[in-house]
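Next up, target-v6.tsv (TSV, N, CA and C atoms):
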```tsv
chain	number	residue	atom	x	y	z
A	1	MET	N	96.52	-140.29	-26.60
A	1	MET	CA	97.11	-139.51	-27.68
A	1	MET	C	96.33	-138.20	-27.84
A	2	ASP	N	97.01	-137.09	-28.00
A	2	ASP	CA	96.33	-135.80	-28.11
A	2	ASP	C	95.85	-135.55	-29.55
A	3	ASN	N	94.96	-134.55	-29.68
A	3	ASN	CA	94.36	-134.23	-30.99
A	3	ASN	C	95.40	-133.90	-32.04
A	4	GLN	N	96.42	-133.16	-31.64
A	4	GLN	CA	97.44	-132.74	-32.59
A	4	GLN	C	98.19	-133.96	-33.17
A	5	THR	N	98.52	-134.92	-32.32
A	5	THR	CA	99.21	-136.14	-32.78
A	5	THR	C	98.31	-136.94	-33.71
A	6	ILE	N	97.04	-137.08	-33.33
A	6	ILE	CA	96.09	-137.82	-34.17
A	6	ILE	C	95.95	-137.15	-35.54
A	7	THR	N	95.79	-135.84	-35.54
A	7	THR	CA	95.64	-135.10	-36.80
A	7	THR	C	96.85	-135.31	-37.69
A	8	ARG	N	98.05	-135.17	-37.13
A	8	ARG	CA	99.27	-135.35	-37.91
A	8	ARG	C	99.36	-136.78	-38.46
A	9	GLN	N	99.04	-137.77	-37.65
A	9	GLN	CA	99.10	-139.17	-38.11
A	9	GLN	C	98.12	-139.43	-39.25
A	10	LEU	N	96.90	-138.91	-39.12
A	10	LEU	CA	95.90	-139.09	-40.18
A	10	LEU	C	96.39	-138.46	-41.48
A	11	LEU	N	96.94	-137.25	-41.39
A	11	LEU	CA	97.42	-136.57	-42.60
A	11	LEU	C	98.63	-137.27	-43.21
A	12	GLU	N	99.50	-137.81	-42.38
A	12	GLU	CA	100.65	-138.55	-42.92
A	12	GLU	C	100.19	-139.78	-43.69
A	13	ILE	N	99.20	-140.49	-43.15
A	13	ILE	CA	98.65	-141.65	-43.86
A	13	ILE	C	97.99	-141.19	-45.17
A	14	TYR	N	97.18	-140.15	-45.07
A	14	TYR	CA	96.47	-139.64	-46.25
A	14	TYR	C	97.46	-139.24	-47.35
A	15	TYR	N	98.43	-138.40	-47.03
A	15	TYR	CA	99.32	-137.88	-48.07
A	15	TYR	C	100.27	-138.94	-48.63
A	16	LYS	N	100.67	-139.89	-47.83
A	16	LYS	CA	101.49	-140.99	-48.37
A	16	LYS	C	100.69	-141.74	-49.43
A	17	GLY	N	99.46	-142.11	-49.07
A	17	GLY	CA	98.60	-142.81	-50.03
A	17	GLY	C	98.19	-141.94	-51.20
A	18	PHE	N	97.89	-140.68	-50.94
A	18	PHE	CA	97.46	-139.77	-51.99
A	18	PHE	C	98.55	-139.61	-53.05
A	19	ALA	N	99.80	-139.44	-52.60
A	19	ALA	CA	100.92	-139.30	-53.53
A	19	ALA	C	101.11	-140.57	-54.36
A	20	GLU	N	100.80	-141.72	-53.76
A	20	GLU	CA	100.92	-143.01	-54.46
A	20	GLU	C	99.63	-143.37	-55.21
A	21	LYS	N	98.60	-142.57	-55.01
A	21	LYS	CA	97.28	-142.77	-55.63
A	21	LYS	C	96.66	-144.10	-55.20
A	22	ALA	N	96.85	-144.46	-53.93
A	22	ALA	CA	96.28	-145.70	-53.38
A	22	ALA	C	96.32	-145.65	-51.86
A	23	ASN	N	95.34	-146.29	-51.23
A	23	ASN	CA	95.35	-146.51	-49.78
A	23	ASN	C	95.30	-145.24	-48.94
A	24	TRP	N	94.51	-144.27	-49.37
A	24	TRP	CA	94.33	-143.04	-48.59
A	24	TRP	C	92.92	-142.95	-48.01
A	25	GLU	N	92.00	-143.76	-48.50
A	25	GLU	CA	90.58	-143.62	-48.16
A	25	GLU	C	90.23	-143.97	-46.72
A	26	SER	N	91.03	-144.82	-46.07
A	26	SER	CA	90.69	-145.31	-44.74
A	26	SER	C	90.62	-144.22	-43.68
A	27	VAL	N	91.28	-143.10	-43.89
A	27	VAL	CA	91.30	-142.03	-42.89
A	27	VAL	C	90.22	-140.98	-43.11
A	28	ILE	N	89.39	-141.16	-44.13
A	28	ILE	CA	88.32	-140.22	-44.46
A	28	ILE	C	87.04	-140.64	-43.72
A	29	GLY	N	86.41	-139.68	-43.04
A	29	GLY	CA	85.17	-139.96	-42.33
A	29	GLY	C	84.00	-140.14	-43.29
A	30	ASP	N	83.01	-140.90	-42.87
A	30	ASP	CA	81.84	-141.16	-43.72
A	30	ASP	C	81.08	-139.88	-44.05
A	31	ASP	N	81.09	-138.91	-43.13
A	31	ASP	CA	80.37	-137.65	-43.34
A	31	ASP	C	81.30	-136.53	-43.80
A	32	PHE	N	82.34	-136.89	-44.53
A	32	PHE	CA	83.37	-135.96	-45.00
A	32	PHE	C	82.75	-134.82	-45.79
A	33	GLU	N	83.31	-133.61	-45.61
A	33	GLU	CA	82.84	-132.42	-46.33
A	33	GLU	C	84.00	-131.83	-47.12
A	34	TYR	N	83.77	-131.62	-48.41
A	34	TYR	CA	84.83	-131.12	-49.30
A	34	TYR	C	84.35	-129.86	-50.03
A	35	VAL	N	85.21	-128.83	-50.00
A	35	VAL	CA	84.98	-127.61	-50.76
A	35	VAL	C	86.25	-127.35	-51.56
A	36	GLY	N	86.10	-127.24	-52.88
A	36	GLY	CA	87.28	-126.97	-53.71
A	36	GLY	C	86.95	-127.10	-55.17
A	37	GLY	N	87.87	-126.61	-56.00
A	37	GLY	CA	87.69	-126.73	-57.43
A	37	GLY	C	86.89	-125.60	-58.04
A	38	ASP	N	85.98	-125.01	-57.28
A	38	ASP	CA	85.17	-123.90	-57.76
A	38	ASP	C	84.95	-122.94	-56.59
A	39	MET	N	85.77	-121.95	-56.51
A	39	MET	CA	85.70	-121.04	-55.36
A	39	MET	C	84.45	-120.16	-55.38
A	40	ASN	N	83.68	-120.20	-56.47
A	40	ASN	CA	82.41	-119.50	-56.52
A	40	ASN	C	81.30	-120.32	-55.88
A	41	ASN	N	81.57	-121.60	-55.64
A	41	ASN	CA	80.59	-122.48	-55.03
A	41	ASN	C	81.18	-123.03	-53.74
A	42	ILE	N	80.78	-122.45	-52.62
A	42	ILE	CA	81.36	-122.86	-51.35
A	42	ILE	C	80.48	-123.87	-50.60
A	43	LYS	N	79.46	-124.38	-51.28
A	43	LYS	CA	78.63	-125.43	-50.67
A	43	LYS	C	79.43	-126.73	-50.71
A	44	PRO	N	79.60	-127.39	-49.56
A	44	PRO	CA	80.44	-128.60	-49.56
A	44	PRO	C	79.78	-129.79	-50.25
A	45	VAL	N	80.63	-130.62	-50.85
A	45	VAL	CA	80.23	-131.95	-51.30
A	45	VAL	C	80.33	-132.82	-50.05
A	46	VAL	N	79.28	-133.53	-49.72
A	46	VAL	CA	79.24	-134.28	-48.47
A	46	VAL	C	79.25	-135.77	-48.74
A	47	GLY	N	80.07	-136.48	-47.98
A	47	GLY	CA	80.12	-137.94	-48.04
A	47	GLY	C	81.46	-138.46	-48.54
A	48	LYS	N	81.90	-139.53	-47.91
A	48	LYS	CA	83.17	-140.15	-48.26
A	48	LYS	C	83.19	-140.61	-49.71
A	49	GLN	N	82.14	-141.29	-50.15
A	49	GLN	CA	82.12	-141.82	-51.52
A	49	GLN	C	82.14	-140.70	-52.56
A	50	ALA	N	81.46	-139.61	-52.28
A	50	ALA	CA	81.46	-138.47	-53.22
A	50	ALA	C	82.87	-137.92	-53.35
A	51	TYR	N	83.61	-137.83	-52.23
A	51	TYR	CA	84.98	-137.33	-52.27
A	51	TYR	C	85.89	-138.30	-53.02
A	52	ILE	N	85.71	-139.58	-52.81
A	52	ILE	CA	86.51	-140.59	-53.52
A	52	ILE	C	86.33	-140.42	-55.03
A	53	GLU	N	85.11	-140.18	-55.49
A	53	GLU	CA	84.86	-139.99	-56.92
A	53	GLU	C	85.55	-138.73	-57.45
A	54	ILE	N	85.55	-137.67	-56.67
A	54	ILE	CA	86.24	-136.44	-57.07
A	54	ILE	C	87.74	-136.71	-57.21
A	55	ILE	N	88.30	-137.43	-56.27
A	55	ILE	CA	89.74	-137.70	-56.29
A	55	ILE	C	90.11	-138.65	-57.42
A	56	LYS	N	89.24	-139.56	-57.79
A	56	LYS	CA	89.51	-140.43	-58.96
A	56	LYS	C	89.76	-139.57	-60.20
A	57	ARG	N	88.95	-138.53	-60.39
A	57	ARG	CA	89.13	-137.64	-61.53
A	57	ARG	C	90.37	-136.76	-61.36
A	58	PHE	N	90.53	-136.19	-60.16
A	58	PHE	CA	91.65	-135.29	-59.91
A	58	PHE	C	92.99	-136.01	-60.04
A	59	SER	N	93.05	-137.26	-59.61
A	59	SER	CA	94.30	-138.02	-59.66
A	59	SER	C	94.82	-138.22	-61.08
A	60	GLN	N	93.96	-138.09	-62.06
A	60	GLN	CA	94.37	-138.20	-63.46
A	60	GLN	C	95.15	-136.97	-63.89
A	61	ARG	N	95.09	-135.89	-63.12
A	61	ARG	CA	95.70	-134.62	-63.50
A	61	ARG	C	97.06	-134.35	-62.87
A	62	PHE	N	97.53	-135.22	-61.96
A	62	PHE	CA	98.86	-134.96	-61.41
A	62	PHE	C	99.74	-136.20	-61.52
A	63	GLU	N	101.03	-135.93	-61.76
A	63	GLU	CA	102.03	-136.99	-61.81
A	63	GLU	C	102.72	-137.15	-60.46
A	64	VAL	N	103.04	-136.02	-59.86
A	64	VAL	CA	103.78	-136.03	-58.58
A	64	VAL	C	103.10	-135.06	-57.63
A	65	MET	N	103.00	-135.49	-56.37
A	65	MET	CA	102.45	-134.64	-55.32
A	65	MET	C	103.36	-134.77	-54.11
A	66	LYS	N	103.70	-133.63	-53.52
A	66	LYS	CA	104.47	-133.67	-52.27
A	66	LYS	C	103.99	-132.58	-51.33
A	67	VAL	N	104.14	-132.85	-50.05
A	67	VAL	CA	103.78	-131.88	-49.03
A	67	VAL	C	104.96	-130.93	-48.85
A	68	LYS	N	104.72	-129.64	-49.06
A	68	LYS	CA	105.76	-128.63	-48.85
A	68	LYS	C	105.76	-128.15	-47.41
A	69	GLN	N	104.57	-128.02	-46.82
A	69	GLN	CA	104.47	-127.50	-45.46
A	69	GLN	C	103.22	-128.05	-44.81
A	70	MET	N	103.32	-128.39	-43.52
A	70	MET	CA	102.16	-128.85	-42.76
A	70	MET	C	102.19	-128.18	-41.38
A	71	ILE	N	101.10	-127.49	-41.07
A	71	ILE	CA	100.95	-126.87	-39.75
A	71	ILE	C	99.73	-127.51	-39.10
A	72	VAL	N	99.93	-128.09	-37.93
A	72	VAL	CA	98.86	-128.77	-37.23
A	72	VAL	C	98.63	-128.08	-35.89
A	73	GLU	N	97.37	-127.76	-35.61
A	73	GLU	CA	96.97	-127.19	-34.33
A	73	GLU	C	95.73	-127.93	-33.85
A	74	GLY	N	95.92	-128.84	-32.95
A	74	GLY	CA	94.79	-129.61	-32.42
A	74	GLY	C	94.14	-130.45	-33.51
A	75	ASP	N	92.85	-130.21	-33.74
A	75	ASP	CA	92.11	-130.98	-34.74
A	75	ASP	C	91.99	-130.24	-36.07
A	76	LYS	N	92.87	-129.26	-36.29
A	76	LYS	CA	92.88	-128.51	-37.54
A	76	LYS	C	94.29	-128.52	-38.12
A	77	ALA	N	94.37	-128.45	-39.44
A	77	ALA	CA	95.68	-128.42	-40.09
A	77	ALA	C	95.60	-127.64	-41.39
A	78	SER	N	96.72	-127.06	-41.74
A	78	SER	CA	96.87	-126.38	-43.02
A	78	SER	C	98.09	-126.98	-43.72
A	79	VAL	N	97.89	-127.40	-44.95
A	79	VAL	CA	98.95	-128.06	-45.71
A	79	VAL	C	99.12	-127.32	-47.03
A	80	ILE	N	100.37	-127.11	-47.42
A	80	ILE	CA	100.65	-126.63	-48.77
A	80	ILE	C	101.14	-127.85	-49.54
A	81	GLY	N	100.33	-128.27	-50.50
A	81	GLY	CA	100.70	-129.39	-51.37
A	81	GLY	C	101.23	-128.86	-52.68
A	82	ASN	N	102.27	-129.47	-53.19
A	82	ASN	CA	102.85	-129.07	-54.47
A	82	ASN	C	102.59	-130.19	-55.47
A	83	TYR	N	102.06	-129.82	-56.63
A	83	TYR	CA	101.63	-130.80	-57.64
A	83	TYR	C	102.29	-130.52	-58.98
A	84	ASP	N	102.70	-131.59	-59.65
A	84	ASP	CA	103.08	-131.53	-61.06
A	84	ASP	C	101.87	-132.01	-61.85
A	85	PHE	N	101.15	-131.04	-62.44
A	85	PHE	CA	99.93	-131.34	-63.18
A	85	PHE	C	100.25	-131.63	-64.65
A	86	VAL	N	99.50	-132.58	-65.21
A	86	VAL	CA	99.58	-132.90	-66.64
A	86	VAL	C	98.16	-132.93	-67.16
A	87	PHE	N	97.92	-132.20	-68.25
A	87	PHE	CA	96.58	-132.07	-68.79
A	87	PHE	C	96.43	-132.88	-70.08
A	88	PRO	N	95.19	-133.19	-70.47
A	88	PRO	CA	94.97	-134.02	-71.66
A	88	PRO	C	95.60	-133.45	-72.94
A	89	ASN	N	95.77	-132.13	-72.99
A	89	ASN	CA	96.37	-131.50	-74.17
A	89	ASN	C	97.89	-131.56	-74.13
A	90	GLY	N	98.47	-132.21	-73.09
A	90	GLY	CA	99.92	-132.34	-72.97
A	90	GLY	C	100.57	-131.23	-72.18
A	91	PHE	N	99.82	-130.17	-71.86
A	91	PHE	CA	100.35	-129.04	-71.11
A	91	PHE	C	100.68	-129.49	-69.69
A	92	LYS	N	101.82	-129.03	-69.16
A	92	LYS	CA	102.24	-129.37	-67.80
A	92	LYS	C	102.52	-128.10	-67.02
A	93	ILE	N	102.09	-128.10	-65.76
A	93	ILE	CA	102.42	-126.99	-64.86
A	93	ILE	C	102.71	-127.55	-63.48
A	94	ASN	N	103.41	-126.75	-62.69
A	94	ASN	CA	103.63	-127.07	-61.30
A	94	ASN	C	102.88	-126.02	-60.49
A	95	GLY	N	102.17	-126.46	-59.46
A	95	GLY	CA	101.41	-125.50	-58.67
A	95	GLY	C	101.25	-125.91	-57.23
A	96	ASN	N	101.06	-124.92	-56.39
A	96	ASN	CA	100.80	-125.14	-54.97
A	96	ASN	C	99.30	-125.05	-54.70
A	97	VAL	N	98.85	-125.86	-53.76
A	97	VAL	CA	97.45	-125.87	-53.35
A	97	VAL	C	97.42	-125.75	-51.83
A	98	SER	N	96.63	-124.80	-51.33
A	98	SER	CA	96.42	-124.67	-49.90
A	98	SER	C	95.28	-125.60	-49.50
A	99	GLU	N	95.56	-126.51	-48.58
A	99	GLU	CA	94.61	-127.55	-48.20
A	99	GLU	C	94.37	-127.44	-46.69
A	100	ASN	N	93.14	-127.10	-46.33
A	100	ASN	CA	92.80	-126.84	-44.94
A	100	ASN	C	91.85	-127.92	-44.42
A	101	TRP	N	92.26	-128.58	-43.33
A	101	TRP	CA	91.63	-129.79	-42.83
A	101	TRP	C	91.03	-129.62	-41.44
A	102	THR	N	90.01	-130.43	-41.15
A	102	THR	CA	89.55	-130.63	-39.78
A	102	THR	C	89.43	-132.13	-39.54
A	103	VAL	N	89.56	-132.50	-38.27
A	103	VAL	CA	89.44	-133.90	-37.84
A	103	VAL	C	88.30	-133.99	-36.84
A	104	LYS	N	87.53	-135.09	-36.94
A	104	LYS	CA	86.42	-135.31	-36.02
A	104	LYS	C	86.29	-136.82	-35.80
A	105	ASN	N	86.17	-137.24	-34.57
A	105	ASN	CA	85.98	-138.65	-34.22
A	105	ASN	C	87.07	-139.55	-34.81
A	106	GLY	N	88.31	-139.07	-34.81
A	106	GLY	CA	89.43	-139.90	-35.25
A	106	GLY	C	89.56	-140.09	-36.74
A	107	LYS	N	88.86	-139.26	-37.53
A	107	LYS	CA	88.93	-139.34	-39.00
A	107	LYS	C	89.04	-137.93	-39.57
A	108	LEU	N	89.55	-137.84	-40.78
A	108	LEU	CA	89.54	-136.55	-41.48
A	108	LEU	C	88.09	-136.21	-41.78
A	109	HIS	N	87.66	-135.02	-41.36
A	109	HIS	CA	86.24	-134.65	-41.46
A	109	HIS	C	85.95	-133.65	-42.58
A	110	SER	N	86.89	-132.73	-42.83
A	110	SER	CA	86.62	-131.76	-43.89
A	110	SER	C	87.91	-131.27	-44.52
A	111	LEU	N	87.77	-130.82	-45.77
A	111	LEU	CA	88.87	-130.27	-46.53
A	111	LEU	C	88.34	-129.11	-47.37
A	112	THR	N	89.04	-127.98	-47.29
A	112	THR	CA	88.75	-126.85	-48.16
A	112	THR	C	90.04	-126.51	-48.89
A	113	LEU	N	89.96	-126.45	-50.23
A	113	LEU	CA	91.13	-126.17	-51.07
A	113	LEU	C	91.08	-124.75	-51.59
A	114	TYR	N	92.27	-124.16	-51.74
A	114	TYR	CA	92.43	-122.88	-52.40
A	114	TYR	C	93.57	-122.99	-53.39
A	115	PHE	N	93.29	-122.66	-54.65
A	115	PHE	CA	94.33	-122.70	-55.69
A	115	PHE	C	93.91	-121.82	-56.86
A	116	ASP	N	94.82	-121.66	-57.80
A	116	ASP	CA	94.58	-120.82	-58.97
A	116	ASP	C	93.67	-121.57	-59.95
A	117	THR	N	92.37	-121.43	-59.77
A	117	THR	CA	91.42	-122.17	-60.60
A	117	THR	C	91.43	-121.69	-62.05
A	118	LEU	N	91.71	-120.41	-62.29
A	118	LEU	CA	91.72	-119.89	-63.66
A	118	LEU	C	92.82	-120.57	-64.49
A	119	THR	N	94.03	-120.62	-63.97
A	119	THR	CA	95.12	-121.28	-64.70
A	119	THR	C	94.82	-122.75	-64.88
A	120	PHE	N	94.29	-123.40	-63.86
A	120	PHE	CA	93.96	-124.82	-63.94
A	120	PHE	C	92.92	-125.07	-65.04
A	121	MET	N	91.83	-124.32	-65.05
A	121	MET	CA	90.77	-124.53	-66.04
A	121	MET	C	91.23	-124.16	-67.43
A	122	THR	N	92.03	-123.11	-67.57
A	122	THR	CA	92.58	-122.72	-68.88
A	122	THR	C	93.47	-123.83	-69.43
A	123	SER	N	94.21	-124.49	-68.56
A	123	SER	CA	95.13	-125.55	-68.97
A	123	SER	C	94.39	-126.79	-69.46
A	124	LEU	N	93.13	-126.94	-69.06
A	124	LEU	CA	92.34	-128.09	-69.50
A	124	LEU	C	91.87	-127.96	-70.95
A	125	LYS	N	91.89	-126.75	-71.49
A	125	LYS	CA	91.40	-126.52	-72.86
A	125	LYS	C	92.38	-127.08	-73.87
A	126	PRO	N	91.83	-127.62	-74.99
A	126	PRO	CA	92.71	-128.19	-76.04
A	126	PRO	C	93.59	-127.15	-76.72
```
Rewritten as structure tokens:
Amino acid sequence: MDNQTITRQLLEIYYKGFAEKANWESVIGDDFEYVGGDMNNIKPVVGKQAYIEIIKRFSQRFEVMKVKQMIVEGDKASVIGNYDFVFPNGFKINGNVSENWTVKNGKLHSLTLYFDTLTFMTSLKP
């Protein structure tokens, strides 16, 4: 199986589980690197368990997630994810997130997110 097929399969498993908020962790590598949420801090959070904890919190903020677009080139991919966010103050927004992936040793190895952090953080305020 070629890198492009493996990458697509890993992402399909991840996003199916991610949208259901269950059974997505198996495709994440132990040395996973995540950058997102604060574009002023580009130092990655390293480790599968650290990423799982981030997603536990993030999953509380969306009701629906769907993949709008996926481009795969070898062991790299770019995904546009669309989210229906719900905040503790009851405010709801829909937004797109650019999600850029790498694969290494048959697992998802890194993710860098780009999104409108100002609107997201403003929406968290009571």
Item to complete: Mind checking which residues fall within 8 Å of Gly36 of chain A, counting all atoms listed in the file, ignoring those fewer than 2 positions away in the same chain, and posting them as a list in words?
Response: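 Skipping anything fewer than 2 positions along the chain leaves Glu33, Tyr34, Asp38, Met39, Asn40, Asn41, Ile42, Lys43, Pro44, Val45, Leu111, Thr112, Leu113, Tyr114 and Phe115 of chain A.
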Q: Show which residues sit within 5 Å of Gly74 of chain A, as a PyMOL selection string. Count all atoms listed in the file, and ignore same-chain residues fewer than 2 positions away.
A: chain A and resi 3-4+72+76
Shortest contact to Ser110 of chain A, candidates A:Glu53, A:Asp84, A:Glu73, A:Asp31, atoms counted only N, CA and C atoms, goes to A:Asp31
So which bits of chain A end up strand (DSSP E) when you DSSP the backbone, as a count of residues only?
54
Selection: 5 Å around Phe85 of chain A, all atoms listed in the file, excl. self and same-chain fewer than 3 positions, as a PDB file with N, CA and C atoms, keeping the file's coordinate frame:
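File produced: selection-v1.pdb:
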```
ATOM      1  N   ARG A  61      95.090-135.890 -63.120  1.00  0.00           N
ATOM      2  CA  ARG A  61      95.700-134.620 -63.500  1.00  0.00           C
ATOM      3  C   ARG A  61      97.060-134.350 -62.870  1.00  0.00           C
ATOM      4  N   PHE A  62      97.530-135.220 -61.960  1.00  0.00           N
ATOM      5  CA  PHE A  62      98.860-134.960 -61.410  1.00  0.00           C
ATOM      6  C   PHE A  62      99.740-136.200 -61.520  1.00  0.00           C
ATOM      7  N   GLU A  63     101.030-135.930 -61.760  1.00  0.00           N
ATOM      8  CA  GLU A  63     102.030-136.990 -61.810  1.00  0.00           C
ATOM      9  C   GLU A  63     102.720-137.150 -60.460  1.00  0.00           C
ATOM     10  N   LYS A  92     101.820-129.030 -69.160  1.00  0.00           N
ATOM     11  CA  LYS A  92     102.240-129.370 -67.800  1.00  0.00           C
ATOM     12  C   LYS A  92     102.520-128.100 -67.020  1.00  0.00           C
ATOM     13  N   ILE A  93     102.090-128.100 -65.760  1.00  0.00           N
ATOM     14  CA  ILE A  93     102.420-126.990 -64.860  1.00  0.00           C
ATOM     15  C   ILE A  93     102.710-127.550 -63.480  1.00  0.00           C
ATOM     16  N   ASN A  94     103.410-126.750 -62.690  1.00  0.00           N
ATOM     17  CA  ASN A  94     103.630-127.070 -61.300  1.00  0.00           C
ATOM     18  C   ASN A  94     102.880-126.020 -60.490  1.00  0.00           C
TER      19      ASN A  94
END
```
Atom N of Asp75 of chain A sits from atom N of Lys56 of chain A at a separation of 26.1 Å
